Amino acid sequence: MFVKCLKRNQEIIKKLLIFKVLKYLIIVLYLSLLTNCSTLEKEDKTNVFRYNEHTNISSLDPAFAKNQSNIWAVNQIFSGLVQLDDSLKVQPDIAQSWTISDDGKVYEFHVRKDVFFHKHFKFGKDSTRTVKASDFVYSFNRLKDEQVTSPGGWVLKNVQNYTAENDSTFVITLKESFPPFLGLLTMKYCSVVPKEIVDFYGNDFRSNPIGTGPFQFKLWVENTKLVFRKNPLYYERDTKNIPLPYLEAVAITFLPDKQSEFMQFVQGNLDFISGLDTSYKDELLLKDGTLNPKYKSQINMNKSSYLNTEYLGFYLNEIDGKKPVHLLLRKAINYGFDRDKMMLFMRNGIGISAKHGIVPIGLTSSKNVIGYTYDIEKAKKLVKEYQKLTGDLNPIVTISTNSQYVDLCEYIQREVQKIGIDLKVEVMPPSTLKQAKATGKLAVFRGSWIADYPDAENYLSLFYSKNFAPDGPNYFHYKNELFDQYYEKSFSITDDVKRNLLYQKMDSLMMSSAPIVPLYYDEVLRFSQKNVNGLGLNPINLLNLKQVKKR
């Protein structure tokens, strides 16, 4: 009995000792976390830029920089041959200069010799190396690799070949001239990556990124926090020859709720928010789109044109034997509602009424395009003409949208009822809407197009007949032989002025058939704390933090 009791007591003592060790480790871990949090908190108040990404980030690999949340993060870590300034002009980046052949097909880039990949401590404390032209060959090959399945492979569809002539010369040859090509190369898909690091991590490169950008990866607790640190080897300097970036770090949180994000911003826990959400637009802005006076001492508001056109689209083929919406009705809807009134009451004045074509105000070719303005009498006349022609005295049109745009669609619904069109609004989840739109299941759908690169061709490609969805972005199945001829001809015109004139003809020609109802040309809207300086603004809403200062 004594032996049994002794053994039992030994087991209890053993468990108590284990518990004490675990307890000690927990206390140490907790204190460590407190120290880290305290350090971050201290830095947050000094030189760390903080923002929230409510849509989450799926990858830090530039090959998967498809949506804005990924692009913003990737832009801090990676860089490519060229970059855009805030005026959408192509500027040198890793390529310090370049030449283009007379036929517009051959691009020769001269790579800087002072660009280093971020230090990577798995290969030793001092492991880093300079970027070579051959790194771009590898990075472009990876974009096209079917096993990688990058959504950015299309960027190189017009590329015949590319070679590294030597360590500092990279040459790209196109199949045919394409004037917007330099703009394409500014996309984050075209960032340079190091082969040895990608080989080491494989698919986990998404969460262990090594690039050449102004910030380097530090920590990612998915769905919780992402931290970048200043890259001490970054090659760019400001006009006073001071090394960039100025910030010590970038900290990103992942609150999924926009209202919570706004509250964190108002409390000073975030340095900036972008865009306008219905949950706080009336709190932050007055009806005329100006900042609520109670926030003027705390917040800066900036806005500019955005390369984003919001529209209603019509599918121009039959669906299950049912004919598409008639041209007369498409035009009647275009004339049948007041876009200015819609922008004032539905958007607090943020955005520009779309009275031209698909190309937004931020691009030169949007000028002089013939579109549609509010004319209720003309709209009524078109509906009557339709009724007389078809015998359909009660035309019914159904718009499919997601919950974010219900208010806009219901506004249009109320307005076009006045001209004799019974408009139905069908609400569906964004993923369902996207799939149905791509497969031609929706007669009318709400859509938007944000430019991938700053050229009107990006928008006009939506109406090229060889781009029919689901293989391309022509969700409307619009087809016009003259439009196609103009589109193909534009590739051979290297003069920007002449090419923009042709773009205007194409846009006006397309609008005469009314495959879309342009709603508004969006605006970039940014709110930042008063102590934030140097936060630029550009029409593609790219977040550049390398010249941001906090005081």
# chains A, B, ... in the order shown; residues from 1 in each chain; ligands from 1
>>> closest_atom_pairs(of="range 304-359 of chain A", to="range 281-300 of chain A", cutoff="12 Å", atoms="only C-alpha atoms", output="tab-separated table")
residue	atom	partner	partner_atom	distance
A:Asp340	CA	A:Asp288	CA	11.5
A:Lys341	CA	A:Asp288	CA	11.2
A:Met342	CA	A:Lys287	CA	11.6
A:Met343	CA	A:Asp288	CA	9.6
A:Leu344	CA	A:Asp288	CA	6.6
A:Phe345	CA	A:Lys287	CA	6.9
A:Met346	CA	A:Lys287	CA	9.1
A:Arg347	CA	A:Gly289	CA	8.1
A:Asn348	CA	A:Lys287	CA	4.7
A:Gly349	CA	A:Gly289	CA	4.7
A:Ile350	CA	A:Gly289	CA	6.0
A:Gly351	CA	A:Gly289	CA	9.5
A:Ile352	CA	A:Gly289	CA	11.7
>>> closest_atom_pairs(of="range 261-323 of chain A", to="range 394-416 of chain A", cutoff="12 Å", atoms="only C-alpha atoms", output="CSV")
residue,atom,partner,partner_atom,distance
A:Leu276,CA,A:Gln404,CA,11.5
A:Asp277,CA,A:Gln404,CA,9.1
A:Thr278,CA,A:Gln404,CA,8.5
A:Ser279,CA,A:Gln404,CA,10.9
A:Glu310,CA,A:Tyr405,CA,10.2
A:Tyr311,CA,A:Cys409,CA,10.5
A:Leu312,CA,A:Ile399,CA,8.0
A:Gly313,CA,A:Ile399,CA,9.0
A:Phe314,CA,A:Ile399,CA,9.2
A:Tyr315,CA,A:Ile399,CA,11.2
A:Lys323,CA,A:Val397,CA,11.7
>>> closest_residue(among="A:Asn334, A:Gln147, A:Thr163, A:Ser191", to="Asn203 in chain A", atoms="only C-alpha atoms")
A:Gln147
>>> select_by_dssp(residues="range 272-443 of chain A", states="helix (DSSP H, G or I)", output="NGL selection string")
:A and (281-284 or 293-295 or 327-335 or 339-346 or 364-366 or 376-390 or 403-417 or 430-438)
>>> select_by_dssp(residues="range 65-267 of chain A", states="strand (DSSP E)", output="PyMOL selection string")
chain A and resi 82-84+90-92+95-100+106-111+159-166+169-174+215-221+225-230+249-253
>>> residues_around(residues="Gly371 in chain A", least_positions_apart="5", cutoff="6 Å", atoms="only C-alpha atoms", output="mmCIF file with N, CA and C atoms, in the first residue's frame")
data_model
loop_
_atom_site.group_PDB
_atom_site.id
_atom_site.type_symbol
_atom_site.label_atom_id
_atom_site.label_comp_id
_atom_site.auth_asym_id
_atom_site.auth_seq_id
_atom_site.Cartn_x
_atom_site.Cartn_y
_atom_site.Cartn_z
ATOM 1 N N LYS A 355 -21.615 60.659 -68.788
ATOM 2 C CA LYS A 355 -22.397 61.175 -69.919
ATOM 3 C C LYS A 355 -21.673 61.001 -71.245
ATOM 4 N N HIS A 356 -20.606 60.207 -71.222
ATOM 5 C CA HIS A 356 -19.846 59.949 -72.450
ATOM 6 C C HIS A 356 -19.893 58.448 -72.744
ATOM 7 N N GLY A 357 -18.731 57.813 -72.866
ATOM 8 C CA GLY A 357 -18.710 56.390 -73.175
ATOM 9 C C GLY A 357 -18.158 55.566 -72.040
#
>>> closest_atom_pairs(of="range 188-217 of chain A", to="range 99-115 of chain A", cutoff="12 Å", atoms="only C-alpha atoms", output="Markdown table")
| residue | atom | partner | partner_atom | distance |
| --- | --- | --- | --- | --- |
| A:Val192 | CA | A:Val115 | CA | 10.9 |
| A:Gly211 | CA | A:Val115 | CA | 10.2 |
| A:Thr212 | CA | A:Val115 | CA | 7.0 |
| A:Gly213 | CA | A:Val115 | CA | 9.4 |
| A:Pro214 | CA | A:Val115 | CA | 11.0 |
>>> write_last_selection(atoms="N, CA and C atoms", output="PDB file, in the first residue's frame")
ATOM      1  N   VAL A 192      10.089  41.548 -60.444  1.00  0.00           N
ATOM      2  CA  VAL A 192      11.187  40.576 -60.489  1.00  0.00           C
ATOM      3  C   VAL A 192      11.234  39.779 -59.184  1.00  0.00           C
ATOM      4  N   GLY A 211      11.655  40.400 -52.378  1.00  0.00           N
ATOM      5  CA  GLY A 211      11.622  41.250 -53.566  1.00  0.00           C
ATOM      6  C   GLY A 211      12.722  42.286 -53.523  1.00  0.00           C
ATOM      7  N   THR A 212      12.467  43.427 -54.168  1.00  0.00           N
ATOM      8  CA  THR A 212      13.451  44.513 -54.232  1.00  0.00           C
ATOM      9  C   THR A 212      12.839  45.841 -53.823  1.00  0.00           C
ATOM     10  N   GLY A 213      11.604  45.833 -53.334  1.00  0.00           N
ATOM     11  CA  GLY A 213      10.856  47.049 -53.070  1.00  0.00           C
ATOM     12  C   GLY A 213      11.316  47.814 -51.844  1.00  0.00           C
ATOM     13  N   PRO A 214      10.649  48.936 -51.552  1.00  0.00           N
ATOM     14  CA  PRO A 214      11.068  49.810 -50.451  1.00  0.00           C
ATOM     15  C   PRO A 214      10.892  49.200 -49.059  1.00  0.00           C
TER      16      PRO A 214
END
>>> residues_around(residues="range 65-81 of chain A", least_positions_apart="2", cutoff="9 Å", atoms="only C-alpha atoms", output="PyMOL selection string")
chain A and resi 53-63+83+92-96+109-111+118+136+150-152+185-193+209-217+228+231+250+252+541-546
>>> closest_residue(among="A:Ser353, A:Asn500, A:Thr494, A:Ser465", to="Phe337 in chain A", atoms="only C-alpha atoms")
A:Ser353
>>> residues_around(residues="Leu270 in chain A", least_positions_apart="5", cutoff="8 Å", atoms="only C-alpha atoms", output="PyMOL selection string")
chain A and resi 49-52+264-265
>>> closest_residue(among="A:Ser305, A:Asn208, A:Thr173, A:Ser492", to="Asp86 in chain A", atoms="only C-alpha atoms")
A:Ser305
>>> residues_around(residues="Ala514 in chain A", least_positions_apart="2", cutoff="7 Å", atoms="only C-alpha atoms", output="number ranges by chain")
A: 327, 330-331, 510-512, 516-517
>>> write_last_selection(atoms="N, CA and C atoms", output="PDB file, in the first residue's frame")
ATOM      1  N   LEU A 327     -32.860  47.474 -78.726  1.00  0.00           N
ATOM      2  CA  LEU A 327     -32.058  48.689 -78.836  1.00  0.00           C
ATOM      3  C   LEU A 327     -32.822  49.926 -78.365  1.00  0.00           C
ATOM      4  N   ARG A 330     -32.853  49.957 -74.657  1.00  0.00           N
ATOM      5  CA  ARG A 330     -31.513  50.240 -74.136  1.00  0.00           C
ATOM      6  C   ARG A 330     -31.223  51.738 -74.174  1.00  0.00           C
ATOM      7  N   LYS A 331     -31.612  52.361 -75.270  1.00  0.00           N
ATOM      8  CA  LYS A 331     -31.417  53.807 -75.381  1.00  0.00           C
ATOM      9  C   LYS A 331     -32.345  54.565 -74.435  1.00  0.00           C
ATOM     10  N   MET A 510     -19.469  52.466 -80.472  1.00  0.00           N
ATOM     11  CA  MET A 510     -20.020  51.472 -79.544  1.00  0.00           C
ATOM     12  C   MET A 510     -21.254  52.024 -78.841  1.00  0.00           C
ATOM     13  N   MET A 511     -21.189  53.266 -78.362  1.00  0.00           N
ATOM     14  CA  MET A 511     -22.298  53.855 -77.612  1.00  0.00           C
ATOM     15  C   MET A 511     -23.545  54.043 -78.474  1.00  0.00           C
ATOM     16  N   SER A 512     -23.384  54.169 -79.777  1.00  0.00           N
ATOM     17  CA  SER A 512     -24.557  54.312 -80.657  1.00  0.00           C
ATOM     18  C   SER A 512     -25.422  53.064 -80.643  1.00  0.00           C
ATOM     19  N   ILE A 516     -24.253  49.226 -73.223  1.00  0.00           N
ATOM     20  CA  ILE A 516     -24.102  49.532 -71.808  1.00  0.00           C
ATOM     21  C   ILE A 516     -24.866  50.810 -71.461  1.00  0.00           C
ATOM     22  N   VAL A 517     -25.121  50.971 -70.166  1.00  0.00           N
ATOM     23  CA  VAL A 517     -25.607  52.240 -69.615  1.00  0.00           C
ATOM     24  C   VAL A 517     -24.515  52.728 -68.665  1.00  0.00           C
TER      25      VAL A 517
END
>>> residues_around(residues="range 381-383 of chain A", least_positions_apart="6", cutoff="7 Å", atoms="only C-alpha atoms", output="PyMOL selection string")
chain A and resi 328-329+332+420
>>> write_last_selection(atoms="N, CA and C atoms", output="short mmCIF file (atom, residue, chain, number, x, y, z; two decimals), in the first residue's frame")
data_model
loop_
_atom_site.label_atom_id
_atom_site.label_comp_id
_atom_site.auth_asym_id
_atom_site.auth_seq_id
_atom_site.Cartn_x
_atom_site.Cartn_y
_atom_site.Cartn_z
N LEU A 328 -34.10 50.02 -78.73
CA LEU A 328 -34.89 51.19 -78.34
C LEU A 328 -35.02 51.30 -76.82
N LEU A 329 -35.19 50.15 -76.15
CA LEU A 329 -35.27 50.15 -74.69
C LEU A 329 -33.92 50.46 -74.06
N ALA A 332 -33.58 54.08 -74.29
CA ALA A 332 -34.54 54.75 -73.40
C ALA A 332 -34.04 54.75 -71.96
N GLY A 420 -42.27 54.31 -68.60
CA GLY A 420 -43.05 53.17 -69.08
C GLY A 420 -42.32 51.85 -69.10
#
>>> decode(residues="range 66-161 of chain A", atoms="C-alpha atoms", output="CSV table (one decimal), in the first residue's frame")
chain,number,residue,atom,x,y,z
A,66,LYS,CA,-4.9,40.3,-59.2
A,67,ASN,CA,-7.0,42.3,-56.8
A,68,GLN,CA,-6.4,45.6,-55.1
A,69,SER,CA,-5.8,44.1,-51.6
A,70,ASN,CA,-3.0,41.9,-53.0
A,71,ILE,CA,-1.6,44.7,-55.3
A,72,TRP,CA,-1.3,47.2,-52.5
A,73,ALA,CA,0.7,44.8,-50.3
A,74,VAL,CA,2.9,43.5,-53.2
A,75,ASN,CA,3.7,47.0,-54.3
A,76,GLN,CA,5.5,47.6,-51.0
A,77,ILE,CA,7.7,44.6,-51.4
A,78,PHE,CA,8.3,44.2,-55.2
A,79,SER,CA,9.4,46.3,-58.1
A,80,GLY,CA,9.7,45.8,-61.9
A,81,LEU,CA,11.4,47.3,-64.9
A,82,VAL,CA,9.2,50.4,-65.0
A,83,GLN,CA,6.7,52.2,-62.7
A,84,LEU,CA,3.9,54.8,-63.0
A,85,ASP,CA,4.0,58.2,-61.4
A,86,ASP,CA,0.8,59.8,-60.0
A,87,SER,CA,0.2,61.4,-63.4
A,88,LEU,CA,0.2,57.9,-65.0
A,89,LYS,CA,3.4,58.5,-66.8
A,90,VAL,CA,5.8,55.6,-67.2
A,91,GLN,CA,9.0,56.2,-65.2
A,92,PRO,CA,12.2,54.2,-64.8
A,93,ASP,CA,12.4,51.7,-61.9
A,94,ILE,CA,14.8,48.8,-62.0
A,95,ALA,CA,15.4,49.7,-65.7
A,96,GLN,CA,17.2,53.0,-65.6
A,97,SER,CA,16.5,53.6,-69.3
A,98,TRP,CA,15.1,51.8,-72.4
A,99,THR,CA,14.8,52.2,-76.2
A,100,ILE,CA,12.0,51.1,-78.6
A,101,SER,CA,12.6,50.1,-82.2
A,102,ASP,CA,11.0,52.2,-85.0
A,103,ASP,CA,8.4,49.5,-85.7
A,104,GLY,CA,7.4,49.4,-82.0
A,105,LYS,CA,8.2,45.7,-81.6
A,106,VAL,CA,11.6,45.6,-79.8
A,107,TYR,CA,12.1,47.0,-76.3
A,108,GLU,CA,15.6,47.1,-74.9
A,109,PHE,CA,15.9,47.8,-71.2
A,110,HIS,CA,19.1,48.8,-69.3
A,111,VAL,CA,19.0,47.3,-65.8
A,112,ARG,CA,20.4,49.2,-62.9
A,113,LYS,CA,23.4,47.6,-61.1
A,114,ASP,CA,22.6,48.8,-57.6
A,115,VAL,CA,19.4,46.9,-57.0
A,116,PHE,CA,19.5,44.1,-54.4
A,117,PHE,CA,17.0,41.5,-53.4
A,118,HIS,CA,16.0,41.7,-49.7
A,119,LYS,CA,18.2,39.9,-47.2
A,120,HIS,CA,17.0,36.4,-46.5
A,121,PHE,CA,18.1,35.0,-43.2
A,122,LYS,CA,17.5,31.3,-44.0
A,123,PHE,CA,20.5,31.5,-46.3
A,124,GLY,CA,22.7,33.3,-43.8
A,125,LYS,CA,22.7,36.8,-42.2
A,126,ASP,CA,24.3,38.5,-45.2
A,127,SER,CA,22.6,36.6,-48.0
A,128,THR,CA,21.5,38.9,-50.7
A,129,ARG,CA,22.6,39.7,-54.3
A,130,THR,CA,22.1,42.1,-57.1
A,131,VAL,CA,19.3,41.8,-59.7
A,132,LYS,CA,20.4,40.7,-63.2
A,133,ALA,CA,18.6,40.8,-66.5
A,134,SER,CA,18.3,37.0,-66.3
A,135,ASP,CA,16.1,37.4,-63.2
A,136,PHE,CA,13.5,39.0,-65.5
A,137,VAL,CA,13.7,36.1,-67.9
A,138,TYR,CA,13.0,33.7,-64.9
A,139,SER,CA,10.2,35.9,-63.6
A,140,PHE,CA,8.5,36.2,-67.0
A,141,ASN,CA,8.8,32.5,-67.6
A,142,ARG,CA,7.1,31.9,-64.3
A,143,LEU,CA,4.2,34.1,-65.3
A,144,LYS,CA,3.6,31.8,-68.3
A,145,ASP,CA,4.2,28.6,-66.5
A,146,GLU,CA,1.0,26.5,-66.5
A,147,GLN,CA,2.0,24.9,-63.2
A,148,VAL,CA,2.2,28.2,-61.5
A,149,THR,CA,-1.3,29.1,-62.8
A,150,SER,CA,-0.7,32.9,-62.5
A,151,PRO,CA,-3.8,35.0,-63.5
A,152,GLY,CA,-1.2,37.5,-65.0
A,153,GLY,CA,0.0,35.4,-67.9
A,154,TRP,CA,-2.1,37.3,-70.3
A,155,VAL,CA,0.2,40.3,-69.9
A,156,LEU,CA,2.7,38.5,-72.1
A,157,LYS,CA,0.3,37.2,-74.7
A,158,ASN,CA,1.7,39.6,-77.4
A,159,VAL,CA,5.3,38.8,-76.5
A,160,GLN,CA,7.2,36.8,-79.0
A,161,ASN,CA,10.4,36.3,-76.9
